[in-house]
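*Asks:* input30.txt is reproduced below (compact mmCIF, C-alpha atoms).
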# COMPACT_ATOMS: atom_id res chain seq x y z
CA MET A 10 34.05 -6.46 14.06
CA ALA A 11 34.30 -2.85 12.92
CA ALA A 12 33.84 0.04 15.32
CA LEU A 13 30.49 1.57 16.21
CA SER A 14 28.96 4.09 13.82
CA LEU A 15 25.59 5.83 13.59
CA GLY A 16 24.03 3.04 11.61
CA TRP A 17 24.57 0.18 9.24
CA GLN A 18 23.90 -0.27 5.58
CA SER A 19 21.13 -2.85 5.79
CA VAL A 20 19.17 -0.91 8.39
CA SER A 21 19.67 2.35 6.54
CA ALA A 22 18.23 0.77 3.40
CA ALA A 23 15.29 -0.61 5.35
CA MET A 24 14.61 2.77 6.91
CA GLU A 25 14.26 4.46 3.54
CA ARG A 26 10.64 3.37 3.66
CA ASP A 27 8.15 5.15 5.88
CA PRO A 28 8.81 3.81 9.41
CA GLN A 29 5.05 3.83 9.96
CA HIS A 30 4.85 0.96 7.46
CA LEU A 31 6.21 -1.85 9.57
CA ASN A 32 6.14 -5.32 8.07
CA VAL A 33 3.52 -7.55 9.70
CA SER A 34 3.82 -11.34 10.05
CA ILE A 35 0.67 -13.28 10.98
CA ALA A 36 1.30 -16.77 12.33
CA LEU A 37 -1.26 -19.48 11.68
CA PHE A 38 -3.75 -19.48 14.53
CA ASP A 39 -3.98 -21.97 17.36
CA PRO A 40 -7.29 -23.84 16.75
CA GLY A 41 -7.98 -23.89 20.49
CA ILE A 42 -9.17 -27.51 20.58
CA PRO A 43 -9.55 -28.82 24.16
CA GLU A 44 -7.52 -31.95 24.85
CA ASP A 45 -10.49 -33.42 26.72
CA ARG A 46 -12.66 -34.74 23.88
CA SER A 47 -15.66 -35.01 26.19
CA LEU A 48 -15.81 -31.18 26.21
CA HIS A 49 -16.07 -30.80 22.45
CA ARG A 50 -19.81 -31.25 22.21
CA ASP A 51 -20.68 -28.98 25.14
CA LEU A 52 -18.35 -26.26 23.84
CA GLN A 53 -19.57 -26.67 20.25
CA VAL A 54 -16.02 -27.47 19.10
CA PHE A 55 -15.60 -29.41 15.86
CA PRO A 56 -11.88 -30.25 15.64
CA ARG A 57 -11.89 -30.81 11.87
CA VAL A 58 -13.47 -27.43 11.22
CA ARG A 59 -11.36 -25.66 13.85
CA ARG A 60 -8.14 -26.81 12.20
CA ILE A 61 -9.37 -25.44 8.88
CA GLU A 62 -10.42 -22.17 10.53
CA ALA A 63 -6.93 -21.85 12.00
CA LEU A 64 -5.56 -21.92 8.43
CA TYR A 65 -8.27 -19.72 6.94
CA LEU A 66 -8.86 -16.91 9.42
CA PRO A 67 -5.31 -15.43 9.33
CA PHE A 68 -5.94 -14.63 5.66
CA VAL A 69 -9.16 -12.82 6.47
CA LEU A 70 -7.08 -10.62 8.77
CA ARG A 71 -4.27 -10.34 6.21
CA ASP A 72 -6.65 -9.17 3.47
CA LEU A 73 -8.11 -6.55 5.80
CA LEU A 74 -4.66 -5.16 6.70
CA VAL A 75 -3.57 -5.16 3.04
CA SER A 76 -6.76 -3.37 1.93
CA ALA A 77 -5.80 -0.31 3.98
CA PRO A 78 -2.26 0.76 2.94
CA ALA A 79 -1.16 1.40 6.52
CA TRP A 80 1.51 -1.29 6.78
CA GLY A 81 4.47 -2.67 4.86
CA ALA A 82 4.51 -6.27 3.67
CA VAL A 83 1.80 -8.36 5.39
CA ARG A 84 2.53 -12.09 5.32
CA VAL A 85 0.90 -15.21 6.74
CA ILE A 86 3.66 -17.48 8.05
CA PRO A 87 3.50 -21.16 9.07
CA GLN A 88 5.09 -20.58 12.47
CA VAL A 89 6.13 -17.83 14.86
CA ASP A 90 9.05 -15.67 13.66
CA ALA A 91 10.71 -14.03 16.69
CA ALA A 92 12.60 -11.59 14.43
CA ALA A 93 9.44 -10.24 12.74
CA GLU A 94 9.02 -6.47 12.94
CA LEU A 95 5.44 -6.95 14.13
CA LEU A 96 4.20 -10.47 14.88
CA VAL A 97 0.50 -11.29 15.23
CA SER A 98 -0.66 -14.56 16.77
CA GLY A 99 -4.12 -15.79 17.67
CA THR A 100 -6.12 -18.53 19.37
CA ILE A 101 -9.70 -19.49 18.48
CA LEU A 102 -11.73 -19.46 21.67
CA ALA A 103 -15.21 -19.90 20.18
CA SER A 104 -16.78 -20.08 16.73
CA ASP A 105 -20.44 -20.76 16.01
CA GLY A 106 -20.64 -19.57 12.42
CA GLU A 107 -22.12 -16.21 13.35
CA THR A 108 -19.81 -14.98 16.10
CA LEU A 109 -16.11 -15.50 16.64
CA GLN A 110 -14.14 -15.14 19.85
CA LEU A 111 -10.38 -14.87 19.35
CA ARG A 112 -7.45 -14.12 21.60
CA LEU A 113 -5.21 -11.90 19.46
CA ARG A 114 -1.72 -10.72 20.35
CA ALA A 115 0.67 -8.37 18.54
CA VAL A 116 4.27 -7.97 19.68
CA ASP A 117 7.10 -6.10 17.99
CA ALA A 118 10.72 -7.21 17.51
CA SER A 119 11.79 -5.51 20.74
CA GLY A 120 9.39 -7.75 22.65
CA GLU A 121 6.97 -4.94 23.45
CA VAL A 122 3.34 -6.05 23.38
CA TRP A 123 1.09 -3.79 21.31
CA VAL A 124 -2.18 -5.67 21.69
CA ASP A 125 -3.12 -8.68 23.81
CA ASP A 126 -6.85 -9.01 24.20
CA THR A 127 -9.94 -11.09 23.50
CA PHE A 128 -12.06 -9.94 20.56
CA ARG A 129 -15.61 -11.11 19.98
CA GLY A 130 -18.17 -10.47 17.25
CA PRO A 131 -18.93 -11.17 13.60
CA GLN A 132 -15.82 -12.08 11.62
CA GLN A 133 -15.25 -8.81 9.74
CA SER A 134 -16.22 -6.63 12.69
CA LEU A 135 -13.85 -8.51 15.00
CA PHE A 136 -10.86 -8.11 12.70
CA ALA A 137 -11.73 -4.47 12.05
CA ASP A 138 -11.62 -3.84 15.81
CA PHE A 139 -8.24 -5.56 16.06
CA ALA A 140 -6.86 -3.59 13.09
CA ALA A 141 -8.01 -0.37 14.76
CA SER A 142 -6.21 -1.43 17.97
CA LEU A 143 -3.01 -1.95 15.98
CA LEU A 144 -3.27 1.51 14.45
CA THR A 145 -3.88 3.06 17.88
CA ALA A 146 -0.83 1.27 19.28
CA ARG A 147 1.31 2.48 16.37
CA ALA A 148 0.07 6.05 16.79
CA ASN A 149 1.44 5.98 20.35
CA ARG A 150 4.98 5.41 19.01
CA ASP A 151 7.07 8.06 17.31
CA ALA A 152 9.31 7.58 14.27
CA LYS A 153 12.36 6.96 16.44
CA ALA A 154 10.65 4.09 18.28
CA LEU A 155 9.45 2.55 15.00
CA ASN A 156 12.93 2.82 13.46
CA ASN A 157 14.28 1.14 16.58
CA ILE A 158 11.92 -1.81 15.96
CA ILE A 159 13.24 -2.17 12.41
CA GLU A 160 16.86 -2.15 13.67
CA ILE A 161 16.16 -4.72 16.39
CA SER A 162 14.34 -6.95 13.88
CA SER A 163 17.42 -6.98 11.62
CA LEU A 164 19.77 -7.59 14.55
CA ARG A 165 17.65 -10.44 15.92
CA TYR A 166 17.63 -12.07 12.50
CA ALA A 167 21.41 -11.69 12.27
CA LEU A 168 21.76 -13.08 15.79
CA GLN A 169 19.82 -16.21 14.79
CA LEU A 170 22.21 -16.84 11.89
CA VAL A 171 25.55 -15.94 13.47
CA PRO A 172 25.20 -15.67 17.27
CA ALA A 173 28.93 -15.22 17.86
CA ALA A 174 29.06 -12.21 15.58
CA PHE A 175 26.05 -10.31 16.91
CA ASP A 176 25.47 -11.22 20.56
CA GLU A 177 27.24 -8.03 21.70
CA TYR A 178 24.80 -5.68 19.96
CA LEU A 179 21.54 -6.66 21.65
CA GLU A 180 20.69 -6.86 25.32
CA ASP A 181 18.13 -9.50 26.30
CA SER A 182 16.36 -8.52 29.50
CA GLY A 183 15.36 -12.13 30.13
CA ASP A 184 11.63 -11.43 29.91
CA GLY A 185 11.45 -11.34 26.12
CA ARG A 186 12.43 -7.68 25.79
CA TYR A 187 15.39 -6.52 23.70
CA ARG A 188 17.23 -3.24 23.40
CA ILE A 189 20.19 -2.15 21.28
CA ARG A 190 23.50 -1.82 23.09
CA ARG A 191 25.25 -0.48 20.01
CA LEU A 192 25.13 -0.82 16.24
CA PRO A 193 27.62 -2.52 13.91
CA ALA A 194 29.56 -0.46 11.40
CA ARG A 195 27.79 0.76 8.29
CA SER A 196 30.25 -1.11 6.03
CA ASP A 197 30.17 -4.46 7.85
CA PRO A 198 30.29 -7.12 5.06
CA MET A 199 28.70 -9.75 7.30
CA LEU A 200 25.56 -7.65 7.54
CA GLU A 201 25.38 -7.30 3.79
CA ARG A 202 25.54 -11.09 3.41
CA ILE A 203 22.84 -11.58 6.05
CA GLU A 204 20.54 -9.06 4.38
CA ARG A 205 20.93 -10.89 1.06
CA ILE A 206 20.05 -14.15 2.82
CA ARG A 207 17.01 -12.54 4.42
CA GLY A 208 15.94 -11.30 1.01
CA VAL A 209 16.13 -14.85 -0.35
CA GLU A 210 14.20 -16.15 2.67
CA TYR A 211 11.48 -13.56 2.03
CA VAL A 212 11.11 -14.95 -1.49
CA PHE A 213 10.36 -18.38 -0.08
CA THR A 214 8.19 -16.97 2.70
CA ASP A 215 6.15 -15.19 0.04
CA ALA A 216 5.90 -18.45 -1.92
CA ILE A 217 4.55 -20.21 1.17
CA ASP A 218 2.20 -17.28 1.78
CA ALA A 219 0.94 -17.59 -1.80
CA LYS A 220 0.24 -21.29 -1.33
CA PHE A 221 -1.75 -20.60 1.80
CA ARG A 222 -3.66 -17.88 -0.06
CA GLU A 223 -4.64 -20.50 -2.62
CA LEU A 224 -5.88 -22.64 0.23
CA SER A 225 -7.91 -19.81 1.75
CA THR A 226 -9.52 -19.08 -1.63
CA ASP A 227 -10.47 -22.74 -2.06
CA ILE A 228 -11.89 -22.90 1.45
CA ASP A 229 -13.84 -19.66 1.21
CA GLU A 230 -17.00 -20.86 -0.55
CA VAL A 231 -17.28 -24.10 1.40
CA TYR A 232 -16.66 -22.27 4.67
CA LYS A 233 -19.50 -19.86 3.87
CA VAL A 234 -21.86 -22.83 3.59
CA TRP A 235 -20.63 -24.14 6.95
CA ARG A 236 -21.16 -20.75 8.59
CA GLU A 237 -24.68 -20.48 7.14
CA TYR A 238 -25.56 -23.87 8.55
CA ARG A 239 -24.13 -23.00 11.96
CA GLN A 240 -26.09 -19.73 11.97
CA LYS A 241 -29.31 -21.59 11.21
CA TYR A 242 -28.50 -24.15 13.89
CA ALA A 243 -27.91 -21.39 16.45
CA TYR A 244 -31.26 -19.82 15.49
CA TYR A 245 -33.18 -23.07 15.84
CA GLN A 246 -31.34 -23.86 19.07
CA ALA A 247 -32.49 -20.54 20.52
CA GLN A 248 -36.05 -21.23 19.39
CA GLU A 249 -35.95 -24.70 20.94
CA ALA A 250 -34.64 -23.29 24.21
CA GLU A 251 -37.55 -20.84 24.25
CA ARG A 252 -40.02 -23.66 23.53
CA ILE A 253 -38.57 -25.72 26.39
CA ARG A 254 -38.87 -22.82 28.82
CA ASN A 255 -42.51 -22.31 27.83
CA ALA A 256 -43.25 -26.04 28.11
CA LYS A 257 -41.70 -26.22 31.58
CA ASN A 258 -43.81 -23.31 32.71
CA SER A 259 -47.08 -24.78 31.40
CA ALA A 260 -46.73 -28.52 32.14
CA PRO A 261 -47.26 -29.79 35.70
CA ARG A 262 -44.06 -31.20 37.19
CA GLY A 263 -43.85 -34.99 36.83
CA SER A 264 -46.78 -35.11 34.39
CA PHE A 265 -46.75 -37.12 31.16
CA GLU A 266 -46.61 -33.86 29.25
CA ALA A 267 -43.52 -32.75 31.16
CA ILE A 268 -41.78 -36.14 30.73
CA SER A 269 -42.59 -36.14 27.00
CA GLY A 270 -41.15 -32.66 26.74
CA HIS A 271 -37.88 -33.80 28.34
CA TYR A 272 -37.69 -36.76 25.95
CA GLU A 273 -38.33 -34.58 22.91
CA THR A 274 -35.63 -32.19 24.08
CA TYR A 275 -33.15 -35.04 24.47
CA LYS A 276 -34.08 -36.51 21.08
CA TRP A 277 -33.78 -33.14 19.35
CA ASP A 278 -30.41 -32.51 21.00
CA ARG A 279 -29.04 -35.88 19.85
CA GLN A 280 -30.32 -35.41 16.31
CA ALA A 281 -28.85 -31.92 16.12
CA ALA A 282 -25.47 -33.18 17.37
CA GLN A 283 -25.46 -35.99 14.78
CA GLU A 284 -26.42 -33.53 12.03
CA GLN A 285 -23.60 -31.18 13.00
CA GLU A 286 -21.11 -34.03 13.03
CA LYS A 287 -22.27 -35.07 9.56
CA TRP A 288 -21.74 -31.55 8.24
CA ALA A 289 -18.32 -31.32 9.88
CA ILE A 290 -17.24 -34.60 8.28
CA GLY A 291 -18.64 -33.51 4.92
CA PHE A 292 -16.80 -30.21 5.16
CA GLU A 293 -13.51 -31.93 5.92
CA ASN A 294 -14.01 -34.50 3.13
CA GLU A 295 -14.80 -31.74 0.64
CA MET A 296 -11.61 -29.84 1.46
CA ALA A 297 -9.26 -32.72 2.35
CA PRO A 298 -7.66 -33.18 -1.12
CA THR A 299 -6.99 -29.44 -1.48
CA ILE A 300 -5.60 -29.09 2.02
CA SER A 301 -3.38 -32.17 1.68
CA ALA A 302 -1.96 -31.02 -1.65
CA ILE A 303 -1.17 -27.51 -0.46
CA GLU A 304 0.23 -28.63 2.90
CA ALA A 305 2.53 -31.06 1.09
CA ARG A 306 3.82 -28.24 -1.10
CA VAL A 307 4.23 -25.91 1.87
CA ALA A 308 6.12 -28.62 3.80
CA GLU A 309 8.41 -29.05 0.80
CA LEU A 310 9.17 -25.32 0.69
CA GLU A 311 9.66 -25.13 4.44
CA GLY A 312 12.02 -28.10 4.32
CA TRP A 313 14.04 -26.46 1.58
CA VAL A 314 14.33 -23.23 3.55
CA ALA A 315 15.27 -25.07 6.77
CA ASP A 316 18.03 -27.01 5.00
CA ARG A 317 19.42 -23.89 3.36
CA TYR A 318 19.12 -21.96 6.63
CA ASP A 319 21.35 -24.49 8.42
CA GLU A 320 23.82 -24.32 5.54
CA TRP A 321 23.83 -20.50 5.60
CA ARG A 322 24.49 -20.52 9.33
CA ARG A 323 27.45 -22.87 8.89
CA ILE A 324 28.99 -20.82 6.07
CA LEU A 325 28.49 -17.48 7.81
CA GLY A 326 29.94 -18.89 11.03
CA GLU A 327 33.06 -20.03 9.18
CA MET A 328 33.37 -16.63 7.47
CA PHE A 329 33.10 -14.87 10.82
CA THR A 330 35.82 -17.09 12.29
CA LEU A 331 38.15 -16.41 9.36
CA GLU A 332 37.51 -12.67 9.41
CA THR A 333 38.09 -12.30 13.15
CA GLU A 334 41.10 -14.61 13.59
CA VAL A 335 44.17 -12.79 14.89
CA PRO A 336 47.33 -13.67 12.85
CA ILE A 337 50.05 -15.32 14.90
What does the file become when written as structure tokens?
*Replies:*
Amino acid sequence: MAALSLGWQSVSAAMERDPQHLNVSIALFDPGIPEDRSLHRDLQVFPRVRRIEALYLPFVLRDLLVSAPAWGAVRVIPQVDAAAELLVSGTILASDGETLQLRLRAVDASGEVWVDDTFRGPQQSLFADFAASLLTARANRDAKALNNIIEISSLRYALQLVPAAFDEYLEDSGDGRYRIRRLPARSDPMLERIERIRGVEYVFTDAIDAKFRELSTDIDEVYKVWREYRQKYAYYQAQEAERIRNAKNSAPRGSFEAISGHYETYKWDRQAAQEQEKWAIGFENEMAPTISAIEARVAELEGWVADRYDEWRRILGEMFTLETEVPI
């Protein structure tokens, strides 16, 4: 490889943009469904709805970040991308239609954690709080640190494609943190090829992002109905709990009135659970054709990218071998 210089062409081009405007990749959320199915009812977890929320909620966050021009490209991606300049991941901890509880984490390409916290509240308020946390974290980093993230992102991507060519430039601390040992030469042709490949991959990533945006638009209206129902259920549940407390206080223990109250509570609880299950099934049935069609298309695109990615790695590896062979 060529000798060290102050920078390299691909990074220099990337740094022409404002370093404050890092690209943000949002991975689809973990639905947070307990493996023990017996816990679902007590925790108010509806697996069908949770899986849809895990697809839908990242786009609520994406739209919020895009609406304020504080970042570069903001994409929703099907899986974690370790080379992303700023990667956001999340887990749904609770969702009752009115209030969300999410574990949200943001980590940059160097492995430094910007935000890792639990956020709770109405949907828009929760994401607004998280977005504010991101901006605060960015404000604590100067332009040099942000440029360093961009450089490491490019190097980590190159390392994924051609490990033998780029393993000398990054130091892995072993705990997920990376730092630059040195930079390749500005004129390195291998870097130019890798940047072109990354550009092509972004095209397909954007296509996948667009397909998921279609999904989120289709889900939006139906999801609003679900949330309205859950809000009403939570309201009636609170009223019923208040009624039960009052009944317990007024009815003598062990009396017919007290026993009847317990039975009515049990009956109401069972009816409410059955009603919720019916709505959850109806919600899934309503959205199933749309979700299946879009997921099939996304899988097709992902498969295409994966196949081409393996082929790119093979070709680049052969080029590197040819370019670095010492003539006998």
*Asks:* Of the residues A:Glu180, A:Pro56, A:Ile217, A:Ala308, which is the one nearest to Ile290 of chain A, using only C-alpha atoms?
*Replies:*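 Looking at the shortest contact to Ile290 of chain A, the residue is A:Pro56.
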*Asks:* Taking into account only C-alpha atoms, which residue in the set A:Val307, A:Ala93, A:Leu73, A:Ala79 is nearest to Ala219 of chain A?
*Replies:*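 Closest residue, counting only C-alpha atoms: A:Val307.
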*Asks:* Residues within 8 Å of segment 226-237 of chain A, please, as a count of residues only. Count all atoms listed in the file; anything in the same chain fewer than 2 positions from it doesn't count.
*Replies:* 14
*Asks:* One decimal, Å: what's the distance from atom CA of Gly291 of chain A over to atom CA of Leu310 of chain A, could you say?
*Replies:*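 Straight-line distance from atom CA of Gly291 of chain A to atom CA of Leu310 of chain A works out to 29.3 Å.
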*Asks:* Any idea what's packed within 8 Å of segment 150-153 of chain A, counting all atoms listed in the file, ignoring anything in its chain fewer than 4 positions away? Could you give it as a PDB file with C-alpha atoms, in the coordinates of the input?
*Replies:*
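Dumped everything to out_8.pdb:
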ATOM      1  CA  PRO A  28       8.810   3.810   9.410  1.00  0.00           C
ATOM      2  CA  GLN A  29       5.050   3.830   9.960  1.00  0.00           C
ATOM      3  CA  ALA A 146      -0.830   1.270  19.280  1.00  0.00           C
ATOM      4  CA  ASN A 157      14.280   1.140  16.580  1.00  0.00           C
TER       5      ASN A 157
END
*Asks:* For atom CA of Glu311 of chain A and atom CA of Ser76 of chain A, determine how far apart the two atoms are, in Å to one decimal place.
*Replies:*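 These two atoms are separated by 27.4 Å.
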*Asks:* One decimal, in Å: what's the spacing between atom CA of Ile203 of chain A and atom CA of Ile189 of chain A?
*Replies:*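 Atom CA of Ile189 of chain A lies 18.1 Å from atom CA of Ile203 of chain A.
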*Asks:* Would you list the contacts of Arg114 of chain A as a PDB file with C-alpha atoms, in the coordinates of the input, taking every protein, DNA or RNA residue within 6 Å and counting all atoms listed in the file, but skipping same-chain residues closer than 3 positions in sequence?
*Replies:*
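Output (part34.pdb):
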ATOM      1  CA  VAL A  97       0.500 -11.290  15.230  1.00  0.00           C
ATOM      2  CA  SER A  98      -0.660 -14.560  16.770  1.00  0.00           C
ATOM      3  CA  VAL A 124      -2.180  -5.670  21.690  1.00  0.00           C
ATOM      4  CA  ASP A 125      -3.120  -8.680  23.810  1.00  0.00           C
TER       5      ASP A 125
END
*Asks:* Please tabulate, as JSON lines, the residues of segment 98-192 of chain A that come within 9 Å of segment 57-64 of chain A, each with its closest pair of atoms and the distance in Å to one decimal, counting all atoms listed in the file and ordering rows by chain, then residue number upward.
*Replies:*
{"residue": "A:Gly99", "atom": "CA", "partner": "A:Ala63", "partner_atom": "CA", "distance": 8.8}
{"residue": "A:Thr100", "atom": "CA", "partner": "A:Ala63", "partner_atom": "CA", "distance": 8.1}
{"residue": "A:Ile101", "atom": "CA", "partner": "A:Ala63", "partner_atom": "CA", "distance": 7.4}
{"residue": "A:Ser104", "atom": "CA", "partner": "A:Arg59", "partner_atom": "CA", "distance": 8.3}
